[in-house]
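Asker: This is the content of structure-v3.cif (mmCIF, C-alpha atoms and all ligand atoms):
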data_model
loop_
_atom_site.label_atom_id
_atom_site.label_comp_id
_atom_site.auth_asym_id
_atom_site.auth_seq_id
_atom_site.Cartn_x
_atom_site.Cartn_y
_atom_site.Cartn_z
CA MET A 79 25.70 23.92 2.80
CA THR A 80 24.84 24.86 6.43
CA PRO A 81 21.62 23.07 7.31
CA GLU A 82 18.65 25.12 8.50
CA THR A 83 16.98 21.94 9.62
CA PRO A 84 16.54 21.82 13.40
CA LYS A 85 18.22 18.95 15.20
CA ASP A 86 15.27 18.24 17.47
CA GLY A 87 12.94 17.38 14.62
CA THR A 88 10.36 20.11 15.39
CA LYS A 89 10.02 20.80 11.68
CA ALA A 90 10.17 17.13 10.78
CA ASP A 91 7.05 17.40 8.66
CA LYS A 92 8.82 19.95 6.51
CA THR A 93 12.13 18.21 6.10
CA ARG A 94 12.71 16.34 2.92
CA GLY A 95 15.43 14.05 1.62
CA TYR A 96 17.38 14.65 -1.56
CA GLY A 97 16.05 17.92 -2.81
CA HIS A 98 12.34 17.40 -3.23
CA GLY A 99 11.28 20.35 -1.07
CA GLY A 100 12.07 24.02 -1.35
CA VAL A 101 15.62 25.14 -0.67
CA GLU A 102 14.92 26.02 2.97
CA THR A 103 13.31 22.65 3.72
CA VAL A 104 15.92 20.39 2.15
CA MET A 105 17.95 18.26 4.53
CA SER A 106 21.63 18.66 3.89
CA VAL A 107 23.67 15.67 2.80
CA ASP A 108 25.43 15.78 6.18
CA ASP A 109 22.09 15.72 7.98
CA VAL A 110 20.92 12.72 6.02
CA THR A 111 24.18 10.92 6.76
CA ARG A 112 24.08 11.76 10.47
CA GLN A 113 20.47 10.71 10.88
CA ALA A 114 21.03 7.61 8.80
CA GLN A 115 23.92 6.69 11.08
CA ALA A 116 21.56 6.92 14.05
CA LEU A 117 19.49 4.18 12.39
CA ALA A 118 22.47 1.85 12.68
CA ALA A 119 22.17 1.86 16.49
CA ASP A 120 19.41 -0.70 16.00
CA ALA A 121 21.05 -2.67 13.18
CA PRO A 122 19.56 -6.06 12.29
CA ASP A 123 21.57 -9.15 13.28
CA ARG A 124 22.26 -12.19 11.14
CA ALA A 125 19.06 -13.95 12.30
CA ALA A 126 16.95 -10.95 11.33
CA LEU A 127 18.49 -10.89 7.84
CA HIS A 128 17.95 -14.61 7.37
CA ALA A 129 14.32 -14.31 8.51
CA LEU A 130 13.66 -12.26 5.36
CA VAL A 131 14.77 -15.09 3.09
CA ASP A 132 12.13 -17.19 1.42
CA GLY A 133 13.29 -20.83 1.72
CA GLU A 134 17.01 -21.59 1.62
CA PRO A 135 19.29 -18.63 0.91
CA LEU A 136 20.88 -18.69 -2.56
CA VAL A 137 23.37 -15.88 -2.00
CA THR A 138 24.85 -15.27 1.44
CA ILE A 139 27.48 -12.84 2.61
CA GLU A 140 28.84 -13.38 6.12
CA GLY A 141 30.95 -10.88 8.05
CA LEU A 142 32.41 -9.29 4.94
CA ARG A 143 35.23 -6.77 5.25
CA ALA A 144 36.15 -5.49 1.83
CA GLY A 145 37.35 -2.42 0.00
CA TYR A 146 39.83 -0.97 -2.45
CA GLY A 147 43.58 -1.15 -1.95
CA LYS A 148 44.06 -1.22 1.79
CA MET A 149 40.98 0.84 2.51
CA GLU A 150 38.12 -1.02 4.13
CA ILE A 151 34.71 0.19 2.90
CA LEU A 152 32.42 -2.62 4.05
CA HIS A 153 32.63 -3.51 7.75
CA ASP A 154 31.31 -6.84 8.94
CA LEU A 155 28.53 -6.83 6.34
CA SER A 156 26.10 -9.72 6.04
CA LEU A 157 23.40 -10.34 3.44
CA ALA A 158 21.05 -13.17 2.53
CA VAL A 159 18.65 -13.59 -0.36
CA GLY A 160 16.66 -16.61 -1.50
CA ARG A 161 16.29 -18.15 -4.93
CA GLN A 162 14.04 -16.04 -7.18
CA GLN A 163 13.89 -13.26 -4.61
CA SER A 164 14.93 -9.67 -5.19
CA LEU A 165 16.90 -7.53 -2.77
CA CYS A 166 17.40 -3.77 -3.09
CA LEU A 167 20.13 -1.77 -1.35
CA ILE A 168 19.39 1.87 -0.66
CA GLY A 169 21.36 4.45 1.32
CA PRO A 170 23.33 7.67 1.10
CA ASN A 171 25.96 8.35 -1.57
CA GLY A 172 29.22 6.71 -0.65
CA ALA A 173 27.60 4.22 1.78
CA GLY A 174 29.18 1.31 -0.08
CA LYS A 175 26.19 0.04 -2.07
CA SER A 176 28.08 -0.41 -5.33
CA THR A 177 30.95 -1.90 -3.33
CA VAL A 178 28.64 -4.70 -2.17
CA LEU A 179 27.93 -5.59 -5.82
CA HIS A 180 31.63 -5.20 -6.69
CA SER A 181 32.51 -7.60 -3.88
CA ILE A 182 30.01 -10.23 -4.99
CA PHE A 183 31.36 -10.01 -8.54
CA GLY A 184 35.01 -10.03 -7.51
CA PHE A 185 36.14 -6.44 -8.08
CA THR A 186 37.25 -5.64 -4.50
CA ASN A 187 39.89 -6.73 -2.03
CA ILE A 188 38.32 -9.00 0.53
CA PHE A 189 39.95 -8.84 3.97
CA ALA A 190 37.59 -11.14 5.87
CA GLY A 191 34.29 -12.93 5.59
CA SER A 192 32.77 -15.11 2.90
CA ILE A 193 30.38 -15.05 -0.04
CA THR A 194 28.53 -18.22 -0.99
CA ILE A 195 26.18 -19.02 -3.85
CA GLY A 196 24.02 -22.09 -3.52
CA GLY A 197 26.29 -23.27 -0.72
CA THR A 198 29.49 -22.95 -2.81
CA ASP A 199 32.16 -20.57 -1.55
CA VAL A 200 32.81 -18.06 -4.34
CA THR A 201 34.68 -15.48 -2.25
CA ARG A 202 37.92 -15.77 -4.19
CA LEU A 203 36.66 -16.41 -7.74
CA SER A 204 37.52 -13.93 -10.52
CA PRO A 205 34.68 -12.07 -12.29
CA ASN A 206 35.02 -14.35 -15.30
CA GLN A 207 34.78 -17.46 -13.14
CA LYS A 208 31.75 -15.98 -11.41
CA LEU A 209 29.81 -15.76 -14.67
CA LYS A 210 30.85 -19.16 -15.92
CA ALA A 211 30.91 -21.23 -12.74
CA ALA A 212 28.50 -19.53 -10.41
CA GLY A 213 26.08 -17.97 -12.94
CA ILE A 214 26.41 -14.40 -11.75
CA ALA A 215 26.00 -11.54 -14.20
CA TYR A 216 26.61 -7.88 -13.48
CA ILE A 217 24.84 -5.08 -15.31
CA LEU A 218 27.32 -2.26 -15.01
CA GLN A 219 26.24 1.30 -14.39
CA ASP A 220 27.43 2.48 -17.80
CA ASN A 221 28.25 1.46 -21.30
CA SER A 222 28.60 -2.25 -21.46
CA VAL A 223 27.19 -2.36 -25.01
CA PHE A 224 29.41 -2.86 -28.05
CA PRO A 225 28.93 0.44 -29.92
CA ASP A 226 29.88 -0.80 -33.40
CA MET A 227 27.58 -3.79 -33.29
CA THR A 228 23.86 -3.58 -34.02
CA VAL A 229 21.22 -3.88 -31.32
CA GLU A 230 20.56 -7.41 -32.53
CA GLU A 231 24.21 -8.43 -32.45
CA ASN A 232 24.55 -6.98 -28.95
CA LEU A 233 21.69 -9.18 -27.78
CA TRP A 234 23.26 -12.25 -29.38
CA MET A 235 26.53 -11.51 -27.57
CA GLY A 236 24.74 -12.20 -24.32
CA GLY A 237 24.35 -15.78 -25.52
CA PHE A 238 27.85 -16.18 -26.92
CA LEU A 239 29.14 -15.50 -23.46
CA ARG A 240 27.51 -18.76 -22.45
CA ASP A 241 28.37 -20.57 -25.70
CA ARG A 242 24.80 -21.00 -26.87
CA PRO A 243 24.24 -18.89 -30.00
CA ALA A 244 21.05 -20.63 -31.15
CA LYS A 245 19.37 -20.12 -27.81
CA ALA A 246 20.57 -16.53 -27.83
CA ARG A 247 18.79 -15.86 -31.14
CA GLU A 248 15.55 -17.33 -29.82
CA ALA A 249 15.80 -15.26 -26.67
CA ALA A 250 16.57 -12.14 -28.73
CA GLU A 251 13.36 -12.69 -30.72
CA ARG A 252 11.43 -12.85 -27.46
CA VAL A 253 12.95 -9.53 -26.42
CA PHE A 254 12.03 -7.94 -29.78
CA ALA A 255 8.49 -9.33 -29.59
CA LYS A 256 8.05 -7.58 -26.29
CA TYR A 257 9.95 -4.33 -26.65
CA SER A 258 9.12 -2.41 -29.82
CA ARG A 259 11.60 0.28 -28.85
CA LEU A 260 14.40 -2.22 -29.45
CA ARG A 261 12.66 -4.06 -32.30
CA GLU A 262 12.43 -0.87 -34.35
CA ARG A 263 16.18 -0.42 -33.91
CA ARG A 264 17.40 -4.00 -34.26
CA GLY A 265 19.66 -3.17 -37.21
CA GLN A 266 20.90 0.13 -35.76
CA ARG A 267 24.42 0.47 -34.34
CA ALA A 268 24.22 0.41 -30.54
CA GLY A 269 26.55 3.41 -30.34
CA THR A 270 23.84 5.58 -31.89
CA LEU A 271 21.11 4.69 -29.37
CA SER A 272 19.89 7.24 -26.85
CA GLY A 273 21.00 6.76 -23.24
CA GLY A 274 17.64 5.30 -22.27
CA GLU A 275 17.53 2.94 -25.25
CA ARG A 276 21.05 1.77 -24.43
CA ARG A 277 20.01 1.00 -20.85
CA LEU A 278 17.07 -1.06 -22.12
CA LEU A 279 19.49 -2.97 -24.33
CA GLU A 280 21.93 -3.55 -21.45
CA ILE A 281 19.22 -4.88 -19.18
CA SER A 282 17.46 -6.99 -21.77
CA ARG A 283 20.80 -8.60 -22.57
CA ALA A 284 20.53 -10.21 -19.14
CA LEU A 285 17.48 -12.08 -20.48
CA ILE A 286 19.88 -13.77 -22.88
CA MET A 287 22.84 -14.40 -20.59
CA GLU A 288 20.60 -16.51 -18.39
CA PRO A 289 22.51 -16.06 -15.18
CA GLU A 290 21.16 -17.41 -11.89
CA VAL A 291 21.98 -14.23 -10.05
CA LEU A 292 21.79 -10.77 -11.51
CA LEU A 293 23.60 -7.80 -9.99
CA VAL A 294 22.16 -4.47 -11.15
CA ASP A 295 23.57 -1.07 -10.22
CA GLU A 296 21.14 1.86 -10.48
CA PRO A 297 19.02 0.62 -13.39
CA SER A 298 16.87 3.75 -13.52
CA ILE A 299 19.56 6.41 -13.27
CA GLY A 300 19.09 9.23 -15.78
CA LEU A 301 15.94 7.78 -17.31
CA GLU A 302 12.59 9.42 -17.89
CA PRO A 303 9.56 7.81 -16.16
CA ARG A 304 8.44 5.73 -19.17
CA PHE A 305 11.89 4.20 -19.49
CA ILE A 306 12.10 3.60 -15.74
CA ASP A 307 8.84 1.65 -15.95
CA MET A 308 10.17 -0.38 -18.89
CA VAL A 309 13.37 -1.18 -17.00
CA PHE A 310 11.45 -2.39 -13.95
CA GLU A 311 9.16 -4.39 -16.22
CA ILE A 312 12.18 -6.22 -17.61
CA LEU A 313 13.53 -6.80 -14.10
CA GLU A 314 10.17 -8.18 -13.03
CA ASP A 315 10.20 -10.46 -16.05
CA LEU A 316 13.67 -11.66 -15.10
CA GLN A 317 12.64 -12.44 -11.55
CA LYS A 318 9.09 -13.72 -11.94
CA ALA A 319 9.06 -15.34 -15.40
CA GLU A 320 12.71 -16.37 -15.71
CA GLY A 321 13.21 -17.20 -12.05
CA LYS A 322 16.33 -15.11 -11.51
CA THR A 323 17.61 -13.82 -8.21
CA ILE A 324 18.23 -10.08 -8.31
CA ILE A 325 20.45 -7.97 -6.07
CA MET A 326 20.17 -4.34 -7.01
CA VAL A 327 21.16 -0.85 -5.94
CA GLU A 328 18.66 1.89 -6.63
CA GLN A 329 18.92 5.59 -5.90
CA ASN A 330 15.21 5.84 -6.72
CA ALA A 331 14.39 4.25 -3.35
CA LYS A 332 10.65 4.30 -3.93
CA LYS A 333 10.88 2.33 -7.17
CA GLY A 334 13.48 -0.02 -5.74
CA LEU A 335 11.56 -0.82 -2.56
CA GLU A 336 8.26 -1.18 -4.43
CA PHE A 337 9.94 -3.73 -6.61
CA ALA A 338 12.11 -5.70 -4.21
CA ASP A 339 11.05 -8.46 -1.82
CA ILE A 340 13.79 -7.42 0.60
CA GLY A 341 15.20 -3.95 1.28
CA TYR A 342 18.44 -3.06 3.07
CA VAL A 343 19.46 0.42 4.15
CA LEU A 344 23.22 0.65 3.95
CA VAL A 345 25.02 3.32 5.97
CA SER A 346 28.80 3.71 6.20
CA GLY A 347 29.50 0.19 5.02
CA GLU A 348 27.05 -1.50 7.36
CA VAL A 349 23.44 -2.69 7.10
CA ALA A 350 21.54 -0.23 9.30
CA MET A 351 18.02 -1.46 8.56
CA ALA A 352 16.45 -4.39 6.75
CA GLY A 353 12.91 -5.50 6.06
CA PRO A 354 10.46 -6.52 3.39
CA GLY A 355 10.63 -3.86 0.64
CA ALA A 356 6.97 -2.90 1.16
CA GLN A 357 7.56 -2.48 4.89
CA LEU A 358 10.62 -0.22 4.49
CA LEU A 359 8.60 1.83 2.03
CA GLU A 360 6.11 2.55 4.82
CA ASP A 361 8.77 3.24 7.44
CA PRO A 362 8.63 6.92 8.47
CA GLN A 363 12.41 7.23 8.94
CA VAL A 364 13.14 5.68 5.57
CA GLY A 365 10.52 7.97 4.06
CA ARG A 366 12.03 11.07 5.60
CA LEU A 367 15.64 10.22 4.75
CA PHE A 368 15.39 8.47 1.39
CA LEU A 369 11.96 8.94 -0.15
CA GLY A 370 11.76 12.71 -0.15
CA GLY A 371 9.11 13.08 2.55
N1 LIG B 1 37.66 1.91 -7.22
C1 LIG B 1 37.71 2.55 -6.04
N2 LIG B 1 38.88 2.86 -5.45
C2 LIG B 1 38.91 3.50 -4.26
N3 LIG B 1 37.83 3.86 -3.57
C3 LIG B 1 36.64 3.59 -4.10
C4 LIG B 1 36.50 2.92 -5.37
N4 LIG B 1 35.19 2.81 -5.63
C5 LIG B 1 34.53 3.36 -4.57
N5 LIG B 1 35.41 3.83 -3.66
C6 LIG B 1 35.04 4.49 -2.37
O1 LIG B 1 34.27 3.59 -1.62
C7 LIG B 1 33.23 4.28 -0.92
C8 LIG B 1 31.91 3.62 -1.23
O2 LIG B 1 31.63 3.82 -2.61
P1 LIG B 1 30.42 3.14 -3.36
O3 LIG B 1 30.59 3.43 -4.80
O4 LIG B 1 30.28 1.73 -2.96
O5 LIG B 1 29.19 3.97 -2.75
P2 LIG B 1 27.66 3.95 -3.15
O6 LIG B 1 26.89 3.67 -1.91
O7 LIG B 1 27.44 3.07 -4.32
O8 LIG B 1 27.43 5.49 -3.52
P3 LIG B 1 26.58 6.18 -4.71
O9 LIG B 1 25.17 6.23 -4.20
O10 LIG B 1 27.17 7.55 -4.76
O11 LIG B 1 26.74 5.38 -5.96
C9 LIG B 1 33.32 5.73 -1.35
O12 LIG B 1 33.94 6.45 -0.32
C10 LIG B 1 34.16 5.69 -2.60
O13 LIG B 1 34.93 6.86 -2.72
MG MG B 2 26.97 3.41 -6.37
#
Translate this file's structure into structure tokens.
Answerer:
Amino acid sequence: MTPETPKDGTKADKTRGYGHGGVETVMSVDDVTRQAQALAADAPDRAALHALVDGEPLVTIEGLRAGYGKMEILHDLSLAVGRQQSLCLIGPNGAGKSTVLHSIFGFTNIFAGSITIGGTDVTRLSPNQKLKAAGIAYILQDNSVFPDMTVEENLWMGGFLRDRPAKAREAAERVFAKYSRLRERRGQRAGTLSGGERRLLEISRALIMEPEVLLVDEPSIGLEPRFIDMVFEILEDLQKAEGKTIIMVEQNAKKGLEFADIGYVLVSGEVAMAGPGAQLLEDPQVGRLFLGG
């Protein structure tokens, strides 16, 4: 676990993030964390975050302090994203990325700060109220399908949540028309799908829930490249064709930043860097720490 990487950066061209290089050139987790923390010295202020928003912000977080039990994980965190924009959070393991999504959806203890959607304060709403009243849906990291129902029935459930079964069936047909992988399995029990197929089902269910804001945690985790592309295709459809606002966490920083309009680098519960996704993708420090060279 002891890093061989020099602290003065003389071998910077050889250092890699997250195990893409040979053993001797890999930056240790501690190194990534320490160098990522150095980024926070120049953290963006509220004005800088709002400058990335296209039009009026739809979702805003101001000065959020939140965590689990009494433990504070997010410290004075702010975020802003416009209607029909996408925002991707990247950063080291344990930085608090999932906790940001948990906080928006109502799974954390909030000690200070506020969360607003379309100008309405939703800080204290329960997850159920968030879906119904504020139109927020959360695609969980794992297993939100109903294993004993068929693929088709699982898609319809997305609509029942919003009390519109007829619309749900129409939307399900649109999903099947587009994704043969699901169409060929429409009568199959969801519990028997492969991991990748299940993920496609989970994400395409969001096409049927019709939320305004979609929270997505690590959509590509554990998927082979073809499935990753399909998942991002669905997300693009959700944003561009269906006009949804997407806030996502993605460990595959390259894919996430290529996709998202706005990128945030989260370090130790704070936003250390922010910029247009395409710009962060080109940033040498982001490249070195999170893109594997
Ligand atoms: N339910 C929980 N109860 C207590 N602590 C938690 C809980 N969930 C997360 N934490 C802690 O909060 C911190 C931030 O976790 P979080 O899951 O937000 O990180 P992350 O950035 O999403 O990391 P990863 O990339 O590994 O998914 C971690 O130290 C974690 O141990
Ligand atoms: Mg996480």
Asker: Which residues form the shell of 9 Å around ligand MG 2 (chain B) when you count only C-alpha atoms and all ligand atoms, given as a PyMOL selection string?
Answerer: chain A and resi 171-177+219+295-296+327-329
Asker: For atom N3 of ligand LIG 1 (chain B) and CA of Leu344 in chain A, determine how far apart the two atoms are, in Å to one decimal place.
Answerer: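 Atom-to-atom, atom N3 of ligand LIG 1 (chain B) to CA of Leu344 in chain A, that is 16.7 Å.
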Asker: Quick one: residues within 12 Å of ligand LIG 1 (chain B), with only C-alpha atoms and all ligand atoms, as a PyMOL selection string?
Answerer: chain A and resi 96+107+111+144-153+167-181+185-187+218-219+294-297+299+326-331+342-349+368
Asker: Please, what distance in Å, to one decimal, runs between CA of Met235 in chain A and CA of Arg283 in chain A?
Answerer: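 Here the two named atoms are 8.1 Å from each other.
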Asker: Please compute the CA of Pro122 in chain A-CA of Ser192 in chain A distance, one decimal, in Å.
Answerer: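 CA of Pro122 in chain A sits 18.6 Å away from CA of Ser192 in chain A.
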Asker: Restricting the calculation to all atoms listed in the file, which member of A:Gln163, A:Gln266, A:Asn206, A:Ser298 is positioned closest to Glu231 in chain A?
Answerer: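 Closest residue, counting all atoms listed in the file: A:Gln266.
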Asker: From the list A:Arg112, A:Arg267, A:Arg161, A:Arg247, which residue is nearest Asp339 in chain A when using all atoms listed in the file?
Answerer: A:Arg161
Asker: When distances are computed from all atoms listed in the file, which of A:Asp120, A:Glu280, A:Glu262, A:Glu290 shows the smallest separation from Val137 in chain A?
Answerer: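 Selected residue with least distance to Val137 in chain A: A:Glu290.
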Asker: Please write as a tab-separated table (two decimals) with C-alpha atoms, in the coordinates of the input the list of polymer residues whose atoms come within 9 Å of (14.3, -2.6, -16.3), counting only C-alpha atoms and keeping to the coordinates of the file.
Answerer:
chain	number	residue	atom	x	y	z
A	277	ARG	CA	20.01	1.00	-20.85
A	278	LEU	CA	17.07	-1.06	-22.12
A	281	ILE	CA	19.22	-4.88	-19.18
A	282	SER	CA	17.46	-6.99	-21.77
A	297	PRO	CA	19.02	0.62	-13.39
A	298	SER	CA	16.87	3.75	-13.52
A	305	PHE	CA	11.89	4.20	-19.49
A	306	ILE	CA	12.10	3.60	-15.74
A	307	ASP	CA	8.84	1.65	-15.95
A	308	MET	CA	10.17	-0.38	-18.89
A	309	VAL	CA	13.37	-1.18	-17.00
A	310	PHE	CA	11.45	-2.39	-13.95
A	311	GLU	CA	9.16	-4.39	-16.22
A	312	ILE	CA	12.18	-6.22	-17.61
A	313	LEU	CA	13.53	-6.80	-14.10
A	314	GLU	CA	10.17	-8.18	-13.03
A	315	ASP	CA	10.20	-10.46	-16.05
